[in-house]
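J.: So here's work04.pdb (PDB, C-alpha atoms).
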```pdb
ATOM      1  CA  MET U   1      -6.471   0.757 -15.690
ATOM      2  CA  SER U   2      -9.729  -0.973 -16.414
ATOM      3  CA  ARG U   3      -8.446  -4.546 -16.481
ATOM      4  CA  GLN U   4      -7.731  -6.453 -13.333
ATOM      5  CA  PRO U   5      -4.002  -6.771 -12.550
ATOM      6  CA  LYS U   6      -2.555 -10.265 -12.826
ATOM      7  CA  LEU U   7       0.174 -11.357 -10.441
ATOM      8  CA  MET U   8       3.460 -11.560 -12.359
ATOM      9  CA  SER U   9       5.600 -13.324  -9.775
ATOM     10  CA  LEU U  10       9.044 -14.763 -10.473
ATOM     11  CA  THR U  11       7.474 -18.225 -10.539
ATOM     12  CA  ARG U  12       4.916 -17.087 -13.089
ATOM     13  CA  MET U  13       7.662 -15.590 -15.252
ATOM     14  CA  ARG U  14       9.580 -18.861 -15.094
ATOM     15  CA  ASP U  15       6.498 -20.759 -16.275
ATOM     16  CA  ILE U  16       5.972 -18.333 -19.175
ATOM     17  CA  LEU U  17       9.600 -18.536 -20.296
ATOM     18  CA  GLU U  18      10.064 -22.273 -19.767
ATOM     19  CA  GLU U  19       9.352 -23.301 -23.351
ATOM     20  CA  HIS U  20      11.813 -20.660 -24.569
ATOM     21  CA  SER U  21      14.567 -21.568 -22.105
ATOM     22  CA  ALA U  22      16.799 -23.146 -24.726
ATOM     23  CA  LEU U  23      16.923 -19.896 -26.688
ATOM     24  CA  LEU U  24      17.212 -17.613 -23.664
ATOM     25  CA  CYS U  25      19.476 -19.651 -21.394
ATOM     26  CA  GLU U  26      22.417 -17.330 -22.073
ATOM     27  CA  GLN U  27      20.409 -14.290 -21.044
ATOM     28  CA  ILE U  28      18.084 -15.320 -18.199
ATOM     29  CA  TYR U  29      18.307 -17.130 -14.881
ATOM     30  CA  ILE U  30      15.127 -17.779 -12.902
ATOM     31  CA  GLU U  31      14.433 -19.608  -9.664
ATOM     32  CA  ASP U  32      11.626 -19.142  -7.132
ATOM     33  CA  GLN U  33      13.337 -16.353  -5.170
ATOM     34  CA  LEU U  34      15.705 -14.818  -7.691
ATOM     35  CA  ALA U  35      15.632 -13.954 -11.390
ATOM     36  CA  ILE U  36      18.343 -12.265 -13.437
ATOM     37  CA  ILE U  37      17.944 -10.717 -16.884
ATOM     38  CA  HIS U  38      21.196 -10.243 -18.785
ATOM     39  CA  GLY U  39      20.243  -8.163 -21.796
ATOM     40  CA  ALA U  40      17.255 -10.263 -22.885
ATOM     41  CA  ALA U  41      14.614  -7.912 -24.261
ATOM     42  CA  GLU U  42      12.756 -10.986 -25.541
ATOM     43  CA  VAL U  43      11.715 -11.720 -21.976
ATOM     44  CA  PHE U  44       9.670  -8.543 -21.811
ATOM     45  CA  GLN U  45       8.156  -9.152 -25.227
ATOM     46  CA  LEU U  46       6.919 -12.551 -24.030
ATOM     47  CA  VAL U  47       5.632 -11.182 -20.728
ATOM     48  CA  ILE U  48       3.765  -8.284 -22.343
ATOM     49  CA  LYS U  49       1.745 -10.818 -24.357
ATOM     50  CA  GLN U  50       0.170 -12.027 -21.076
ATOM     51  CA  ASP U  51      -2.316  -9.133 -21.167
ATOM     52  CA  PRO U  52      -1.225  -6.474 -18.628
ATOM     53  CA  PRO U  53      -1.610  -4.795 -16.167
ATOM     54  CA  PHE U  54       0.447  -6.878 -13.762
ATOM     55  CA  SER U  55       0.862  -6.737 -10.013
ATOM     56  CA  ILE U  56       4.355  -7.231  -8.574
ATOM     57  CA  ASN U  57       5.039  -8.959  -5.247
ATOM     58  CA  ASP U  58       8.848  -8.732  -5.219
ATOM     59  CA  ARG U  59      11.650  -6.187  -5.707
ATOM     60  CA  ARG U  60      12.927  -5.547  -9.216
ATOM     61  CA  LEU U  61      16.048  -3.523  -9.982
ATOM     62  CA  GLY U  62      17.198  -2.890 -13.518
ATOM     63  CA  ILE U  63      19.171  -0.690 -15.866
ATOM     64  CA  ILE U  64      18.207   0.331 -19.400
ATOM     65  CA  VAL U  65      21.412   0.026 -21.439
ATOM     66  CA  ARG U  66      19.847   0.624 -24.843
ATOM     67  CA  GLY U  67      16.437   1.597 -26.182
ATOM     68  CA  GLU U  68      13.441   2.833 -24.235
ATOM     69  CA  ILE U  69      10.209   1.792 -22.534
ATOM     70  CA  ASP U  70       6.816   3.439 -22.159
ATOM     71  CA  ALA U  71       4.836   2.040 -19.237
ATOM     72  CA  ASN U  72       2.198   2.884 -16.665
ATOM     73  CA  ILE U  73       3.734   2.299 -13.234
ATOM     74  CA  ASN U  74       1.566   2.849 -10.167
ATOM     75  CA  LEU U  75      -0.879   5.081 -12.057
ATOM     76  CA  VAL U  76       1.771   7.302 -13.660
ATOM     77  CA  GLU U  77       2.791   7.192 -17.318
ATOM     78  CA  ARG U  78       6.563   6.779 -17.551
ATOM     79  CA  HIS U  79       8.995   7.107 -20.440
ATOM     80  CA  ILE U  80      12.220   5.383 -19.436
ATOM     81  CA  ALA U  81      15.216   5.873 -21.710
ATOM     82  CA  ALA U  82      18.676   4.362 -21.982
ATOM     83  CA  GLY U  83      20.924   5.337 -19.107
ATOM     84  CA  SER U  84      18.183   4.972 -16.497
ATOM     85  CA  ILE U  85      18.124   2.788 -13.426
ATOM     86  CA  VAL U  86      14.711   1.402 -12.496
ATOM     87  CA  TYR U  87      13.181   0.093  -9.281
ATOM     88  CA  ILE U  88       9.706  -1.435  -8.965
ATOM     89  CA  GLY U  89       8.717  -2.646  -5.508
ATOM     90  CA  PRO U  90       6.169  -5.003  -3.941
ATOM     91  CA  GLY U  91       2.566  -3.964  -4.371
ATOM     92  CA  SER U  92       3.226  -2.110  -7.621
ATOM     93  CA  ILE U  93       0.868  -2.219 -10.581
ATOM     94  CA  VAL U  94       2.678  -2.182 -13.933
ATOM     95  CA  SER U  95       1.358  -1.996 -17.481
ATOM     96  CA  PRO U  96       3.983  -1.982 -20.252
ATOM     97  CA  VAL U  97       2.796   0.079 -23.209
ATOM     98  CA  LYS U  98       5.642   0.146 -25.728
ATOM     99  CA  LEU U  99       9.124  -1.375 -25.944
ATOM    100  CA  SER U 100      11.599  -0.124 -28.543
ATOM    101  CA  PRO U 101      13.034  -2.769 -30.921
ATOM    102  CA  ASP U 102      16.600  -2.129 -29.720
ATOM    103  CA  LEU U 103      15.744  -2.527 -26.028
ATOM    104  CA  GLU U 104      18.518  -3.954 -23.854
ATOM    105  CA  ILE U 105      17.939  -4.425 -20.120
ATOM    106  CA  TYR U 106      20.023  -5.857 -17.305
ATOM    107  CA  GLY U 107      18.633  -6.432 -13.843
ATOM    108  CA  PHE U 108      17.244  -8.806 -11.268
ATOM    109  CA  GLY U 109      14.114  -9.578  -9.326
ATOM    110  CA  VAL U 110      14.356 -10.809  -5.759
ATOM    111  CA  SER U 111      11.491 -12.053  -3.599
ATOM    112  CA  THR U 112      10.748 -10.385  -0.288
ATOM    113  CA  ASP U 113      11.618 -13.618   1.561
ATOM    114  CA  PHE U 114      15.079 -13.953  -0.015
ATOM    115  CA  PRO U 115      17.507 -13.811   2.951
ATOM    116  CA  LEU U 116      19.414 -10.543   2.672
ATOM    117  CA  PRO U 117      22.241  -9.522   5.031
ATOM    118  CA  PHE U 118      20.473  -6.517   6.561
ATOM    119  CA  ALA U 119      20.040  -6.110  10.303
ATOM    120  CA  PRO U 120      16.471  -5.476  11.542
ATOM    121  CA  ASN U 121      15.264  -2.018  10.480
ATOM    122  CA  GLN U 122      18.462  -1.445   8.492
ATOM    123  CA  MET U 123      17.063  -1.922   4.977
ATOM    124  CA  PRO U 124      18.242   0.943   2.715
ATOM    125  CA  GLN U 125      15.664   3.725   2.676
ATOM    126  CA  ALA U 126      14.833   3.240  -0.999
ATOM    127  CA  PHE U 127      13.636  -0.299  -0.259
ATOM    128  CA  ASN U 128      12.025  -0.081   3.189
ATOM    129  CA  GLY U 129       8.521   0.467   1.819
ATOM    130  CA  GLN U 130       8.510   4.267   1.785
ATOM    131  CA  VAL U 131       9.124   4.329  -1.979
ATOM    132  CA  ARG U 132       7.162   2.036  -4.289
ATOM    133  CA  ASP U 133       9.080   2.752  -7.495
ATOM    134  CA  PHE U 134      11.578   5.122  -9.049
ATOM    135  CA  GLN U 135      13.271   5.664 -12.402
ATOM    136  CA  ILE U 136      16.390   7.830 -12.457
ATOM    137  CA  LYS U 137      18.706   8.987 -15.224
ATOM    138  CA  ALA U 138      22.065   8.082 -13.711
ATOM    139  CA  SER U 139      25.618   9.270 -14.326
ATOM    140  CA  GLN U 140      27.930   7.136 -16.453
ATOM    141  CA  SER U 141      30.053   6.169 -13.442
ATOM    142  CA  ASP U 142      26.954   5.049 -11.521
ATOM    143  CA  LEU U 143      25.786   3.081 -14.559
ATOM    144  CA  ASP U 144      29.185   1.406 -14.861
ATOM    145  CA  THR U 145      29.081   0.353 -11.200
ATOM    146  CA  THR U 146      25.544  -0.974 -11.638
ATOM    147  CA  VAL U 147      26.572  -3.134 -14.595
ATOM    148  CA  GLN U 148      29.689  -4.422 -12.843
ATOM    149  CA  ILE U 149      27.675  -5.624  -9.840
ATOM    150  CA  LEU U 150      25.101  -7.250 -12.132
ATOM    151  CA  ASP U 151      27.795  -8.983 -14.193
ATOM    152  CA  THR U 152      29.381 -10.401 -11.052
ATOM    153  CA  LEU U 153      26.014 -11.674  -9.804
ATOM    154  CA  TRP U 154      25.257 -13.175 -13.230
ATOM    155  CA  HIS U 155      28.530 -15.104 -13.373
ATOM    156  CA  LEU U 156      28.056 -16.309  -9.789
ATOM    157  CA  VAL U 157      24.570 -17.821 -10.137
ATOM    158  CA  ARG U 158      25.559 -19.698 -13.287
ATOM    159  CA  GLN U 159      28.039 -21.731 -11.285
ATOM    160  CA  LYS U 160      26.785 -25.092 -10.072
ATOM    161  CA  GLY U 161      25.872 -24.959  -6.379
ATOM    162  CA  TYR U 162      26.663 -21.245  -6.172
ATOM    163  CA  ASN U 163      27.098 -19.625  -2.753
ATOM    164  CA  ARG U 164      23.783 -17.940  -1.884
ATOM    165  CA  GLN U 165      25.378 -15.806   0.821
ATOM    166  CA  THR U 166      27.672 -14.301  -1.791
ATOM    167  CA  ALA U 167      24.673 -13.696  -4.051
ATOM    168  CA  ALA U 168      22.822 -12.052  -1.155
ATOM    169  CA  SER U 169      25.783  -9.770  -0.505
ATOM    170  CA  LEU U 170      25.903  -8.710  -4.162
ATOM    171  CA  ILE U 171      22.149  -8.029  -4.168
ATOM    172  CA  ALA U 172      22.542  -5.976  -0.986
ATOM    173  CA  ALA U 173      25.441  -4.063  -2.551
ATOM    174  CA  GLN U 174      23.280  -3.170  -5.547
ATOM    175  CA  MET U 175      20.469  -2.049  -3.257
ATOM    176  CA  HIS U 176      22.872   0.221  -1.350
ATOM    177  CA  HIS U 177      24.141   1.555  -4.681
ATOM    178  CA  TYR U 178      20.604   2.355  -5.897
ATOM    179  CA  ASP U 179      19.778   3.923  -2.550
ATOM    180  CA  GLY U 180      22.773   6.231  -2.887
ATOM    181  CA  ILE U 181      21.754   7.260  -6.410
ATOM    182  CA  MET U 182      18.207   7.950  -5.259
ATOM    183  CA  ARG U 183      19.443  10.131  -2.385
ATOM    184  CA  GLN U 184      21.628  12.155  -4.741
ATOM    185  CA  TYR U 185      18.704  12.574  -7.123
ATOM    186  CA  ALA U 186      16.362  13.646  -4.326
ATOM    187  CA  ASN U 187      18.852  16.279  -3.156
ATOM    188  CA  ARG U 188      19.096  17.905  -6.577
ATOM    189  CA  GLU U 189      15.448  17.386  -7.568
ATOM    190  CA  PRO U 190      13.953  20.645  -6.197
ATOM    191  CA  ASP U 191      16.458  22.714  -8.173
ATOM    192  CA  SER U 192      15.893  20.945 -11.491
ATOM    193  CA  ARG U 193      12.104  20.731 -11.628
ATOM    194  CA  ASN U 194       9.320  23.229 -11.268
ATOM    195  CA  ARG U 195       7.332  23.407  -8.054
ATOM    196  CA  GLU U 196       4.070  22.160  -9.553
ATOM    197  CA  GLN U 197       5.626  18.966 -10.901
ATOM    198  CA  THR U 198       7.400  18.348  -7.598
ATOM    199  CA  ILE U 199       4.105  18.736  -5.699
ATOM    200  CA  PHE U 200       2.323  16.413  -8.130
ATOM    201  CA  ASP U 201       5.002  13.713  -7.841
ATOM    202  CA  ARG U 202       4.843  13.920  -4.045
ATOM    203  CA  PHE U 203       1.048  13.664  -4.175
ATOM    204  CA  ILE U 204       1.170  10.527  -6.367
ATOM    205  CA  TYR U 205       3.737   8.962  -4.043
ATOM    206  CA  LEU U 206       1.468   9.581  -1.035
ATOM    207  CA  VAL U 207      -1.615   8.317  -2.894
ATOM    208  CA  ASN U 208       0.147   5.067  -3.798
ATOM    209  CA  GLN U 209       1.115   4.668  -0.161
ATOM    210  CA  TYR U 210      -2.064   5.710   1.664
ATOM    211  CA  ALA U 211      -5.036   5.425  -0.722
ATOM    212  CA  PRO U 212      -6.354   2.149   0.785
ATOM    213  CA  MET U 213      -6.958   3.939   4.087
ATOM    214  CA  GLN U 214      -7.173   7.628   3.191
ATOM    215  CA  HIS U 215      -9.822   8.471   0.581
ATOM    216  CA  HIS U 216     -10.053  12.246   0.882
ATOM    217  CA  ILE U 217      -7.842  15.024  -0.450
ATOM    218  CA  LYS U 218      -7.702  16.718   2.965
ATOM    219  CA  PHE U 219      -5.390  14.011   4.306
ATOM    220  CA  TYR U 220      -2.890  14.548   1.479
ATOM    221  CA  ALA U 221      -3.097  18.331   1.666
ATOM    222  CA  ASP U 222      -2.405  18.202   5.417
ATOM    223  CA  LYS U 223       0.451  15.767   4.845
ATOM    224  CA  MET U 224       2.014  18.197   2.369
ATOM    225  CA  CYS U 225       1.206  21.322   4.438
ATOM    226  CA  LEU U 226      -0.939  22.726   1.637
ATOM    227  CA  THR U 227      -4.556  23.814   1.410
ATOM    228  CA  GLU U 228      -6.992  21.428  -0.257
ATOM    229  CA  ARG U 229      -7.812  24.016  -2.896
ATOM    230  CA  TYR U 230      -4.187  24.695  -3.792
ATOM    231  CA  LEU U 231      -3.278  20.996  -3.962
ATOM    232  CA  GLY U 232      -6.324  20.263  -6.111
ATOM    233  CA  THR U 233      -5.436  23.097  -8.491
ATOM    234  CA  VAL U 234      -1.800  22.020  -8.823
ATOM    235  CA  VAL U 235      -2.687  18.362  -9.433
ATOM    236  CA  ARG U 236      -5.229  19.324 -12.092
ATOM    237  CA  GLN U 237      -2.766  21.648 -13.844
ATOM    238  CA  ALA U 238       0.102  19.138 -13.733
ATOM    239  CA  SER U 239      -1.861  16.093 -14.870
ATOM    240  CA  GLY U 240      -5.176  17.156 -16.382
ATOM    241  CA  THR U 241      -6.908  14.935 -13.815
ATOM    242  CA  THR U 242      -8.417  15.856 -10.463
ATOM    243  CA  ALA U 243      -6.847  14.787  -7.195
ATOM    244  CA  LYS U 244     -10.012  12.839  -6.315
ATOM    245  CA  GLU U 245      -9.757  10.867  -9.559
ATOM    246  CA  TRP U 246      -6.157   9.908  -8.741
ATOM    247  CA  ILE U 247      -7.201   8.748  -5.276
ATOM    248  CA  ASP U 248     -10.119   6.758  -6.701
ATOM    249  CA  ARG U 249      -7.869   5.122  -9.309
ATOM    250  CA  ALA U 250      -5.374   3.993  -6.692
ATOM    251  CA  LEU U 251      -8.069   2.794  -4.307
ATOM    252  CA  THR U 252      -9.978   0.900  -6.998
ATOM    253  CA  THR U 253      -6.816  -0.746  -8.282
ATOM    254  CA  ARG U 254      -5.902  -1.892  -4.774
ATOM    255  CA  ILE U 255      -9.408  -3.290  -4.231
ATOM    256  CA  GLU U 256      -9.174  -5.174  -7.543
ATOM    257  CA  VAL U 257      -5.878  -6.718  -6.455
ATOM    258  CA  GLU U 258      -7.402  -7.881  -3.159
ATOM    259  CA  LEU U 259     -10.458  -9.338  -4.900
ATOM    260  CA  ARG U 260      -8.311 -11.040  -7.518
ATOM    261  CA  HIS U 261      -5.460 -12.384  -5.447
ATOM    262  CA  SER U 262      -6.764 -12.931  -1.908
ATOM    263  CA  ASP U 263      -9.444 -15.078  -0.309
ATOM    264  CA  LYS U 264     -10.484 -12.317   2.088
ATOM    265  CA  THR U 265     -14.200 -11.769   2.497
ATOM    266  CA  ILE U 266     -15.701  -8.663   0.958
ATOM    267  CA  ALA U 267     -16.561  -7.457   4.458
ATOM    268  CA  ARG U 268     -12.935  -7.805   5.540
ATOM    269  CA  ILE U 269     -11.652  -5.962   2.464
ATOM    270  CA  ALA U 270     -14.166  -3.193   3.121
ATOM    271  CA  LYS U 271     -12.927  -2.875   6.694
ATOM    272  CA  GLU U 272      -9.236  -2.921   5.708
ATOM    273  CA  MET U 273      -9.916  -0.274   3.073
ATOM    274  CA  ASN U 274     -11.495   1.970   5.714
ATOM    275  CA  PHE U 275     -15.072   1.944   4.412
ATOM    276  CA  PRO U 276     -17.801   2.486   7.029
ATOM    277  CA  ASN U 277     -19.603  -0.734   6.070
ATOM    278  CA  PRO U 278     -19.705  -3.412   3.318
ATOM    279  CA  SER U 279     -22.764  -1.848   1.703
ATOM    280  CA  PHE U 280     -21.005   1.496   1.203
ATOM    281  CA  PHE U 281     -17.938  -0.372  -0.091
ATOM    282  CA  CYS U 282     -20.000  -2.320  -2.657
ATOM    283  CA  LYS U 283     -21.782   0.826  -3.876
ATOM    284  CA  TYR U 284     -18.452   2.641  -4.258
ATOM    285  CA  PHE U 285     -16.850  -0.213  -6.183
ATOM    286  CA  LYS U 286     -19.836  -0.578  -8.500
ATOM    287  CA  ARG U 287     -19.844   3.164  -9.171
ATOM    288  CA  MET U 288     -16.159   3.033 -10.100
ATOM    289  CA  THR U 289     -16.135  -0.206 -12.135
ATOM    290  CA  ASN U 290     -19.753  -0.777 -13.160
ATOM    291  CA  THR U 291     -19.715  -4.177 -11.457
ATOM    292  CA  THR U 292     -20.119  -5.448  -7.898
ATOM    293  CA  PRO U 293     -17.189  -6.843  -5.882
ATOM    294  CA  PHE U 294     -18.874 -10.253  -5.893
ATOM    295  CA  ASP U 295     -19.302 -10.301  -9.667
ATOM    296  CA  TYR U 296     -15.762  -9.003 -10.214
ATOM    297  CA  ARG U 297     -14.318 -11.800  -8.112
ATOM    298  CA  LYS U 298     -16.591 -14.367  -9.745
ATOM    299  CA  LYS U 299     -15.414 -13.381 -13.240
TER     300      LYS U 299
END
```
Here is a file; write its structure as structure tokens.

T.:
Amino acid sequence: MSRQPKLMSLTRMRDILEEHSALLCEQIYIEDQLAIIHGAAEVFQLVIKQDPPFSINDRRLGIIVRGEIDANINLVERHIAAGSIVYIGPGSIVSPVKLSPDLEIYGFGVSTDFPLPFAPNQMPQAFNGQVRDFQIKASQSDLDTTVQILDTLWHLVRQKGYNRQTAASLIAAQMHHYDGIMRQYANREPDSRNREQTIFDRFIYLVNQYAPMQHHIKFYADKMCLTERYLGTVVRQASGTTAKEWIDRALTTRIEVELRHSDKTIARIAKEMNFPNPSFFCKYFKRMTNTTPFDYRKK
């Protein structure tokens, strides 16, 4: 992604959709900490006009009921078809590419500071930060349960002075439901996909998680108990791109987000991104983007 990601928070979405609220009021609900989409594909058409890519600072859970989406999510091109559940977590970089005309989506976005009824360290595994995003083709029974929970949440929030604790419980129930689907998918995944693709997906997951601090393929090879040469070969065969290029893409994207959306000094960003000094950091960024960190931030 060559363009700098723009923060697409729930508040920003509300501002974009405000002038269309009269037309979409039967399909969207948006407040600062919670947004619900009830079949409104128009929402995504309006958002995509804001010139992606976008950075996400909240949790978004959805289901594709009809149609399909092509998008770049955390460096990986995704084709998401009807019958899929979707999760995109905080820190993700998303660039919608194509939405089918018959697209129908149900789902919600919830901010990380929305009070959920989870005890400390008891967040479902799918949402505790280990996984940044997933898209899974779900069974019909799992899809039916997903829609039922969403419908109940939708009807609740449209009541005047709705009970937020009830809403929080419904959101938590959906998160547990998604976590269960993801666990089932993970258990059957090795049998349904070839080894190279499984290794590549694991590599991309680790890169999205560790690239700001770990810039060399050796770290990822060690993490996966593979040799550097074998991992590099598999990644190249599976994606047509070298492992180093994937690491550089993730690292550069994360730097761009920090420069765009934080007031941290360049020296501090360099330190947090595990560069030996600001000078080395600036040379690296200029080599990757053809501009200096200072000029990037200034523009």

J.: Select all residues near (10.9, -9.0, -0.5) (cut-off 9 Å, inclusive, file coordinates), counting all atoms listed in the file, and output them as a PyMOL selection string.

T.: chain U and resi 57-59+89-90+110-115

J.: From the options U:Ser239, U:Ala82, U:Ile217, U:Gly62, which residue's atoms come nearest to Ile149 (chain U), counting all atoms listed in the file?

T.: U:Gly62

J.: From the list U:Tyr185, U:Tyr106, U:Tyr87, U:Phe294, which residue is nearest Ile64 (chain U) when using only C-alpha atoms?

T.: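 The closest residue to Ile64 (chain U) is U:Tyr106.
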
J.: Pick from U:Ile73, U:Ile255, U:Leu61, U:Val234: nearest to Asp179 (chain U), with all atoms listed in the file counted?

T.: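 The closest residue to Asp179 (chain U) is U:Leu61.
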
J.: Under the PyMOL selection byres ((chain U and resi 148) around 12), which residues of this model are included? Write them out as a ChimeraX atom specification.

T.: /U:38,63,106-107,141-147,149-155,170,173-174,177

J.: Quick one, how far is CA of Ala22 (chain U) from CA of Gly67 (chain U)?

T.: 24.8 Å

J.: Which of these residues is nearest to Trp246 (chain U), using only C-alpha atoms: U:Gln50, U:Asn208, U:Ser262, U:Ser21?

T.: U:Asn208

J.: Please determine, counting only C-alpha atoms, which residue among U:Glu31, U:Asp51, U:Glu68, U:Glu104 has the shortest atom-to-atom distance to Leu10 (chain U).

T.: U:Glu31

J.: Please measure the separation of CA of Ala238 (chain U) and CA of Val97 (chain U), giving the value in Å to one decimal.

T.: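 Separation of CA of Ala238 (chain U) and CA of Val97 (chain U): 21.5 Å.
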
J.: Between CA of Gly232 (chain U) and CA of Gln209 (chain U), what distance in Å does the model show, to one decimal?

T.: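 Here the two named atoms are 18.3 Å from each other.
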
J.: I would like the residues chosen by the PyMOL selection byres ((chain U and resi 257) around 12) on the shown file; could you give them as a PyMOL selection string?

T.: chain U and resi 1+3-7+53-57+91-93+212+250-256+258-264+269+293+296-297

J.: Could you check the closest approach to Phe275 (chain U) for each of U:Val235, U:Val47, U:Ala40, U:Met213 and tell me which residue wins, using all atoms listed in the file?

T.: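 Once distances to Phe275 (chain U) are computed over all atoms listed in the file, the minimum belongs to U:Met213.
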
J.: Give, as AutoDock Vina command-line options, the centre coordinates and the x, y and z edge lengths in Å to one decimal for an axis-aligned box around all listed atoms of region 66-82 of chain U, padded by 3 Å on each side.

T.:
```
--center_x 9.5 --center_y 4.0 --center_z -18.2 --size_x 26.7 --size_y 12.7 --size_z 22.0
```
